[in-house]
Amino acid sequence: RGYDVASIFKIELIRRAAPGAAMHYNNPVRSRDEIARAVELGVRSFSVDSHSELAKLAEIVPAGAEIAVRFKLPVKGAAYDFGAKFGATADKATALLARAAELGFVPSLTFHPGTQCTDPMAWDAYIRTAAQIAADAGVRLSRLNVGGGFPAHRLNEVAPQLEAIFALIDRVTGEAFGDARPALVCEPGR
């Protein structure tokens with residue numbers, strides 16, 4: 001019922017295969033034509049990690065759509081650190097989140113601890129930082145996308161402890177956000 005999409009090709013494919021599905025356009029760099037086509041195809045959730053991309057979305061995407069600000073941290077424990085490729089610093093994410101809310105978008109945050117992340121404390125650090133970003137921006141988050149990156153058997157001889165990671169995500173979200181706890185979203189990945 002929900003898909004992470006990173007291109008117009010994927011959006012069109014999902015629209016044909018699952019007509020009522022929600023789509024989250026989490027590629028933080030898109031052309032104006034791609035944004036317009038995504039809106040035309042019913043995408044109502046976008047991610048950003050820069051002011052220029054937020055300005056571009058504000059020109060095309062109707063108010064009330066979700067804008068998830070993607071942020072990064074210098075945490076270890078993944079086979080590939082996506083923070084090297086995408087994400088705003090915590091300070092920049094704070095400014096972007098506040099601006100997205102001012103523009104009438106539904107404010108959310110997103111992060112990705114990296115591919116095949118084996119350290120559950122990566123999620124702990126990201127979730128606690130997300131709560132601080134939201135507080136500093138003066139924004140109540142609608143959703144927090146805790147990324148993907150969950151470890152799989154194929155890279156480890158030891159079975160991944162997914163239930164423990166999920167329990168940690170649930171516990172830390174409650175601790176960090178309290179009564180302002182956002183809905184959680186995750187990307188199952190591989």
# chains A, B, ... in the order shown; residues from 1 in each chain; ligands from 1
>>> select_by_dssp(residues="range 71-180 of chain A", states="alpha helix (DSSP H)", output="PyMOL selection string")
chain A and resi 90-102+121-137+162-177
>>> write_last_selection(atoms="N, CA and C atoms", output="short mmCIF file (atom, residue, chain, number, x, y, z; two decimals), in the first residue's frame")
data_model
loop_
_atom_site.label_atom_id
_atom_site.label_comp_id
_atom_site.auth_asym_id
_atom_site.auth_seq_id
_atom_site.Cartn_x
_atom_site.Cartn_y
_atom_site.Cartn_z
N ALA A 90 22.10 18.44 10.87
CA ALA A 90 20.99 18.68 11.81
C ALA A 90 20.57 20.15 11.81
N ASP A 91 21.52 21.07 11.76
CA ASP A 91 21.18 22.50 11.75
C ASP A 91 20.40 22.87 10.49
N LYS A 92 20.87 22.40 9.36
CA LYS A 92 20.19 22.69 8.10
C LYS A 92 18.82 22.02 8.07
N ALA A 93 18.72 20.80 8.60
CA ALA A 93 17.44 20.10 8.65
C ALA A 93 16.43 20.87 9.50
N THR A 94 16.90 21.47 10.58
CA THR A 94 16.03 22.27 11.44
C THR A 94 15.43 23.43 10.65
N ALA A 95 16.26 24.14 9.91
CA ALA A 95 15.79 25.27 9.11
C ALA A 95 14.84 24.81 8.00
N LEU A 96 15.18 23.70 7.35
CA LEU A 96 14.32 23.18 6.28
C LEU A 96 12.96 22.74 6.83
N LEU A 97 12.95 22.08 7.96
CA LEU A 97 11.70 21.61 8.56
C LEU A 97 10.81 22.78 8.93
N ALA A 98 11.39 23.80 9.56
CA ALA A 98 10.61 24.99 9.92
C ALA A 98 10.03 25.67 8.67
N ARG A 99 10.84 25.76 7.63
CA ARG A 99 10.38 26.40 6.39
C ARG A 99 9.28 25.58 5.71
N ALA A 100 9.43 24.27 5.68
CA ALA A 100 8.40 23.41 5.08
C ALA A 100 7.06 23.61 5.79
N ALA A 101 7.09 23.69 7.10
CA ALA A 101 5.86 23.91 7.87
C ALA A 101 5.28 25.29 7.56
N GLU A 102 6.14 26.32 7.47
CA GLU A 102 5.68 27.68 7.14
C GLU A 102 4.99 27.71 5.78
N MET A 121 22.32 0.97 17.63
CA MET A 121 22.49 2.30 18.22
C MET A 121 22.51 3.40 17.15
N ALA A 122 22.69 3.03 15.89
CA ALA A 122 22.58 4.02 14.82
C ALA A 122 21.16 4.59 14.80
N TRP A 123 20.16 3.73 14.92
CA TRP A 123 18.77 4.20 14.95
C TRP A 123 18.53 5.04 16.19
N ASP A 124 19.09 4.64 17.32
CA ASP A 124 18.96 5.41 18.55
C ASP A 124 19.43 6.84 18.33
N ALA A 125 20.62 7.00 17.78
CA ALA A 125 21.19 8.33 17.57
C ALA A 125 20.33 9.15 16.60
N TYR A 126 19.89 8.53 15.52
CA TYR A 126 19.08 9.25 14.54
C TYR A 126 17.74 9.68 15.13
N ILE A 127 17.07 8.79 15.85
CA ILE A 127 15.75 9.12 16.41
C ILE A 127 15.86 10.25 17.43
N ARG A 128 16.85 10.17 18.29
CA ARG A 128 17.01 11.24 19.30
C ARG A 128 17.35 12.57 18.62
N THR A 129 18.14 12.53 17.57
CA THR A 129 18.45 13.75 16.83
C THR A 129 17.21 14.28 16.12
N ALA A 130 16.39 13.39 15.59
CA ALA A 130 15.14 13.81 14.93
C ALA A 130 14.25 14.57 15.92
N ALA A 131 14.14 14.07 17.14
CA ALA A 131 13.33 14.76 18.15
C ALA A 131 13.88 16.14 18.44
N GLN A 132 15.21 16.26 18.49
CA GLN A 132 15.82 17.56 18.76
C GLN A 132 15.61 18.51 17.59
N ILE A 133 15.72 18.01 16.36
CA ILE A 133 15.48 18.83 15.17
C ILE A 133 14.06 19.38 15.20
N ALA A 134 13.09 18.51 15.47
CA ALA A 134 11.69 18.93 15.51
C ALA A 134 11.48 19.98 16.60
N ALA A 135 12.04 19.75 17.78
CA ALA A 135 11.89 20.70 18.88
C ALA A 135 12.53 22.04 18.53
N ASP A 136 13.74 22.01 17.96
CA ASP A 136 14.42 23.25 17.60
C ASP A 136 13.68 24.01 16.50
N ALA A 137 13.00 23.28 15.61
CA ALA A 137 12.23 23.90 14.53
C ALA A 137 10.87 24.38 15.02
N LEU A 162 16.51 -8.48 14.00
CA LEU A 162 15.55 -7.48 13.55
C LEU A 162 14.54 -7.11 14.62
N GLU A 163 14.02 -8.09 15.34
CA GLU A 163 13.03 -7.78 16.38
C GLU A 163 13.62 -6.86 17.44
N ALA A 164 14.88 -7.06 17.78
CA ALA A 164 15.54 -6.19 18.77
C ALA A 164 15.69 -4.77 18.22
N ILE A 165 16.03 -4.65 16.95
CA ILE A 165 16.14 -3.33 16.32
C ILE A 165 14.78 -2.64 16.32
N PHE A 166 13.73 -3.37 15.93
CA PHE A 166 12.39 -2.77 15.90
C PHE A 166 11.93 -2.36 17.29
N ALA A 167 12.24 -3.18 18.30
CA ALA A 167 11.88 -2.84 19.68
C ALA A 167 12.63 -1.58 20.13
N LEU A 168 13.89 -1.47 19.76
CA LEU A 168 14.67 -0.28 20.11
C LEU A 168 14.07 0.95 19.44
N ILE A 169 13.72 0.86 18.16
CA ILE A 169 13.12 1.98 17.44
C ILE A 169 11.84 2.43 18.14
N ASP A 170 11.00 1.49 18.52
CA ASP A 170 9.75 1.81 19.19
C ASP A 170 10.01 2.49 20.54
N ARG A 171 10.90 1.91 21.34
CA ARG A 171 11.19 2.44 22.67
C ARG A 171 11.80 3.83 22.60
N VAL A 172 12.81 4.00 21.77
CA VAL A 172 13.52 5.28 21.69
C VAL A 172 12.60 6.37 21.11
N THR A 173 11.73 6.02 20.17
CA THR A 173 10.79 7.02 19.65
C THR A 173 9.90 7.53 20.77
N GLY A 174 9.40 6.63 21.61
CA GLY A 174 8.58 7.04 22.75
C GLY A 174 9.35 7.91 23.72
N GLU A 175 10.58 7.52 24.03
CA GLU A 175 11.41 8.29 24.95
C GLU A 175 11.73 9.68 24.40
N ALA A 176 12.11 9.74 23.14
CA ALA A 176 12.57 10.99 22.55
C ALA A 176 11.44 11.98 22.26
N PHE A 177 10.30 11.47 21.84
CA PHE A 177 9.22 12.35 21.43
C PHE A 177 8.11 12.49 22.46
#
>>> select_by_dssp(residues="chain A", states="strand (DSSP E)", output="list in words")
Gly2, Tyr3, Asp4, Val5, Ala22, Met23, His24, Tyr25, Ser45, Phe46, Ser47, Val48, Glu66, Ile67, Ala68, Val69, Arg70, Val106, Pro107, Ser108, Leu109, Thr110, Arg143, Leu144, Asn145, Ala183, Leu184 and Val185 of chain A
>>> write_last_selection(atoms="N, CA, C and O atoms", output="mmCIF file, in the first residue's frame")
data_model
loop_
_atom_site.group_PDB
_atom_site.id
_atom_site.type_symbol
_atom_site.label_atom_id
_atom_site.label_comp_id
_atom_site.auth_asym_id
_atom_site.auth_seq_id
_atom_site.Cartn_x
_atom_site.Cartn_y
_atom_site.Cartn_z
ATOM 1 N N GLY A 2 2.133 1.148 0.202
ATOM 2 C CA GLY A 2 3.006 2.305 0.189
ATOM 3 C C GLY A 2 4.346 1.954 -0.425
ATOM 4 O O GLY A 2 4.884 0.888 -0.157
ATOM 5 N N TYR A 3 4.868 2.850 -1.251
ATOM 6 C CA TYR A 3 6.104 2.567 -1.968
ATOM 7 C C TYR A 3 7.042 3.768 -1.935
ATOM 8 O O TYR A 3 6.609 4.910 -2.090
ATOM 9 N N ASP A 4 8.322 3.479 -1.774
ATOM 10 C CA ASP A 4 9.372 4.463 -1.949
ATOM 11 C C ASP A 4 9.675 4.484 -3.444
ATOM 12 O O ASP A 4 9.946 3.433 -4.039
ATOM 13 N N VAL A 5 9.581 5.646 -4.062
ATOM 14 C CA VAL A 5 9.847 5.755 -5.495
ATOM 15 C C VAL A 5 10.939 6.794 -5.711
ATOM 16 O O VAL A 5 10.981 7.808 -5.023
ATOM 17 N N ALA A 22 0.028 4.635 -1.918
ATOM 18 C CA ALA A 22 0.730 5.874 -1.580
ATOM 19 C C ALA A 22 2.166 5.751 -2.079
ATOM 20 O O ALA A 22 2.758 4.671 -2.030
ATOM 21 N N MET A 23 2.690 6.861 -2.571
ATOM 22 C CA MET A 23 4.072 6.857 -3.048
ATOM 23 C C MET A 23 4.840 7.988 -2.375
ATOM 24 O O MET A 23 4.331 9.089 -2.237
ATOM 25 N N HIS A 24 6.043 7.673 -1.974
ATOM 26 C CA HIS A 24 6.917 8.616 -1.305
ATOM 27 C C HIS A 24 8.117 8.858 -2.213
ATOM 28 O O HIS A 24 8.953 7.971 -2.381
ATOM 29 N N TYR A 25 8.185 10.043 -2.795
ATOM 30 C CA TYR A 25 9.248 10.379 -3.751
ATOM 31 C C TYR A 25 10.458 10.833 -2.949
ATOM 32 O O TYR A 25 10.670 12.010 -2.705
ATOM 33 N N SER A 45 3.973 12.917 -1.206
ATOM 34 C CA SER A 45 5.036 12.860 -0.200
ATOM 35 C C SER A 45 6.382 12.959 -0.903
ATOM 36 O O SER A 45 6.681 12.168 -1.802
ATOM 37 N N PHE A 46 7.175 13.941 -0.483
ATOM 38 C CA PHE A 46 8.462 14.214 -1.100
ATOM 39 C C PHE A 46 9.509 14.404 -0.005
ATOM 40 O O PHE A 46 9.184 14.841 1.095
ATOM 41 N N SER A 47 10.762 14.116 -0.323
ATOM 42 C CA SER A 47 11.840 14.405 0.622
ATOM 43 C C SER A 47 12.716 15.514 0.053
ATOM 44 O O SER A 47 12.769 15.727 -1.161
ATOM 45 N N VAL A 48 13.388 16.211 0.962
ATOM 46 C CA VAL A 48 14.326 17.267 0.572
ATOM 47 C C VAL A 48 15.523 17.238 1.512
ATOM 48 O O VAL A 48 15.407 16.787 2.662
ATOM 49 N N GLU A 66 3.089 16.106 2.038
ATOM 50 C CA GLU A 66 4.118 15.851 3.039
ATOM 51 C C GLU A 66 5.498 16.183 2.477
ATOM 52 O O GLU A 66 5.835 15.789 1.361
ATOM 53 N N ILE A 67 6.269 16.926 3.274
ATOM 54 C CA ILE A 67 7.673 17.153 2.965
ATOM 55 C C ILE A 67 8.472 16.548 4.110
ATOM 56 O O ILE A 67 8.350 16.968 5.262
ATOM 57 N N ALA A 68 9.262 15.542 3.775
ATOM 58 C CA ALA A 68 10.128 14.877 4.756
ATOM 59 C C ALA A 68 11.551 15.370 4.541
ATOM 60 O O ALA A 68 12.139 15.145 3.489
ATOM 61 N N VAL A 69 12.074 16.054 5.521
ATOM 62 C CA VAL A 69 13.442 16.549 5.442
ATOM 63 C C VAL A 69 14.377 15.396 5.788
ATOM 64 O O VAL A 69 14.252 14.765 6.833
ATOM 65 N N ARG A 70 15.301 15.125 4.873
ATOM 66 C CA ARG A 70 16.267 14.041 5.090
ATOM 67 C C ARG A 70 17.521 14.603 5.743
ATOM 68 O O ARG A 70 18.104 15.578 5.245
ATOM 69 N N VAL A 106 2.976 19.293 5.224
ATOM 70 C CA VAL A 106 2.937 18.416 6.396
ATOM 71 C C VAL A 106 4.389 18.069 6.726
ATOM 72 O O VAL A 106 5.073 17.432 5.916
ATOM 73 N N PRO A 107 4.890 18.490 7.897
ATOM 74 C CA PRO A 107 6.307 18.312 8.204
ATOM 75 C C PRO A 107 6.633 16.914 8.728
ATOM 76 O O PRO A 107 6.001 16.401 9.645
ATOM 77 N N SER A 108 7.641 16.318 8.121
ATOM 78 C CA SER A 108 8.139 15.005 8.531
ATOM 79 C C SER A 108 9.654 15.005 8.419
ATOM 80 O O SER A 108 10.236 15.902 7.819
ATOM 81 N N LEU A 109 10.268 14.003 8.991
ATOM 82 C CA LEU A 109 11.708 13.808 8.868
ATOM 83 C C LEU A 109 11.975 12.410 8.350
ATOM 84 O O LEU A 109 11.170 11.492 8.564
ATOM 85 N N THR A 110 13.104 12.244 7.691
ATOM 86 C CA THR A 110 13.518 10.943 7.201
ATOM 87 C C THR A 110 15.033 10.820 7.324
ATOM 88 O O THR A 110 15.757 11.816 7.255
ATOM 89 N N ARG A 143 5.256 12.381 10.591
ATOM 90 C CA ARG A 143 5.846 11.044 10.492
ATOM 91 C C ARG A 143 7.364 11.130 10.589
ATOM 92 O O ARG A 143 7.960 12.145 10.271
ATOM 93 N N LEU A 144 7.924 10.011 11.009
ATOM 94 C CA LEU A 144 9.378 9.841 11.030
ATOM 95 C C LEU A 144 9.686 8.568 10.262
ATOM 96 O O LEU A 144 9.280 7.478 10.664
ATOM 97 N N ASN A 145 10.390 8.728 9.142
ATOM 98 C CA ASN A 145 10.805 7.584 8.340
ATOM 99 C C ASN A 145 12.170 7.151 8.853
ATOM 100 O O ASN A 145 13.156 7.882 8.724
ATOM 101 N N ALA A 183 4.045 9.217 13.731
ATOM 102 C CA ALA A 183 3.862 7.892 13.142
ATOM 103 C C ALA A 183 5.203 7.459 12.560
ATOM 104 O O ALA A 183 5.976 8.286 12.069
ATOM 105 N N LEU A 184 5.483 6.175 12.639
ATOM 106 C CA LEU A 184 6.741 5.649 12.103
ATOM 107 C C LEU A 184 6.519 5.014 10.742
ATOM 108 O O LEU A 184 5.510 4.358 10.501
ATOM 109 N N VAL A 185 7.492 5.211 9.885
ATOM 110 C CA VAL A 185 7.522 4.600 8.560
ATOM 111 C C VAL A 185 8.893 3.957 8.421
ATOM 112 O O VAL A 185 9.886 4.511 8.886
#
>>> residues_around(residues="Pro19 in chain A", least_positions_apart="2", cutoff="12 Å", atoms="only C-alpha atoms", output="PyMOL selection string")
chain A and resi 1-3+11-17+21-23+41-43
>>> write_last_selection(atoms="C-alpha atoms", output="PDB file, in the first residue's frame")
ATOM      1  CA  ARG A   1       0.000   0.000   0.000  1.00  0.00           C
ATOM      2  CA  GLY A   2       3.006   2.305   0.189  1.00  0.00           C
ATOM      3  CA  TYR A   3       6.104   2.567  -1.968  1.00  0.00           C
ATOM      4  CA  ILE A  11       5.957   6.141 -10.142  1.00  0.00           C
ATOM      5  CA  GLU A  12       4.265   5.193 -13.419  1.00  0.00           C
ATOM      6  CA  LEU A  13       4.934   1.491 -12.780  1.00  0.00           C
ATOM      7  CA  ILE A  14       3.430   1.602  -9.277  1.00  0.00           C
ATOM      8  CA  ARG A  15       0.450   3.656 -10.464  1.00  0.00           C
ATOM      9  CA  ARG A  16      -0.323   0.890 -13.018  1.00  0.00           C
ATOM     10  CA  ALA A  17       0.393  -2.061 -10.694  1.00  0.00           C
ATOM     11  CA  ALA A  21      -0.940   2.996  -3.393  1.00  0.00           C
ATOM     12  CA  ALA A  22       0.730   5.874  -1.580  1.00  0.00           C
ATOM     13  CA  MET A  23       4.072   6.857  -3.048  1.00  0.00           C
ATOM     14  CA  LEU A  41       0.302  10.961 -10.882  1.00  0.00           C
ATOM     15  CA  GLY A  42      -0.855  11.562  -7.311  1.00  0.00           C
ATOM     16  CA  VAL A  43       2.390  11.651  -5.327  1.00  0.00           C
TER      17      VAL A  43
END
>>> closest_residue(among="A:Ile60, A:Val139, A:Ile35, A:Ala152", to="Pro182 in chain A", atoms="only C-alpha atoms")
A:Val139
>>> closest_residue(among="A:Ala65, A:Ala6, A:Ala18, A:Cys186", to="His112 in chain A", atoms="only C-alpha atoms")
A:Cys186
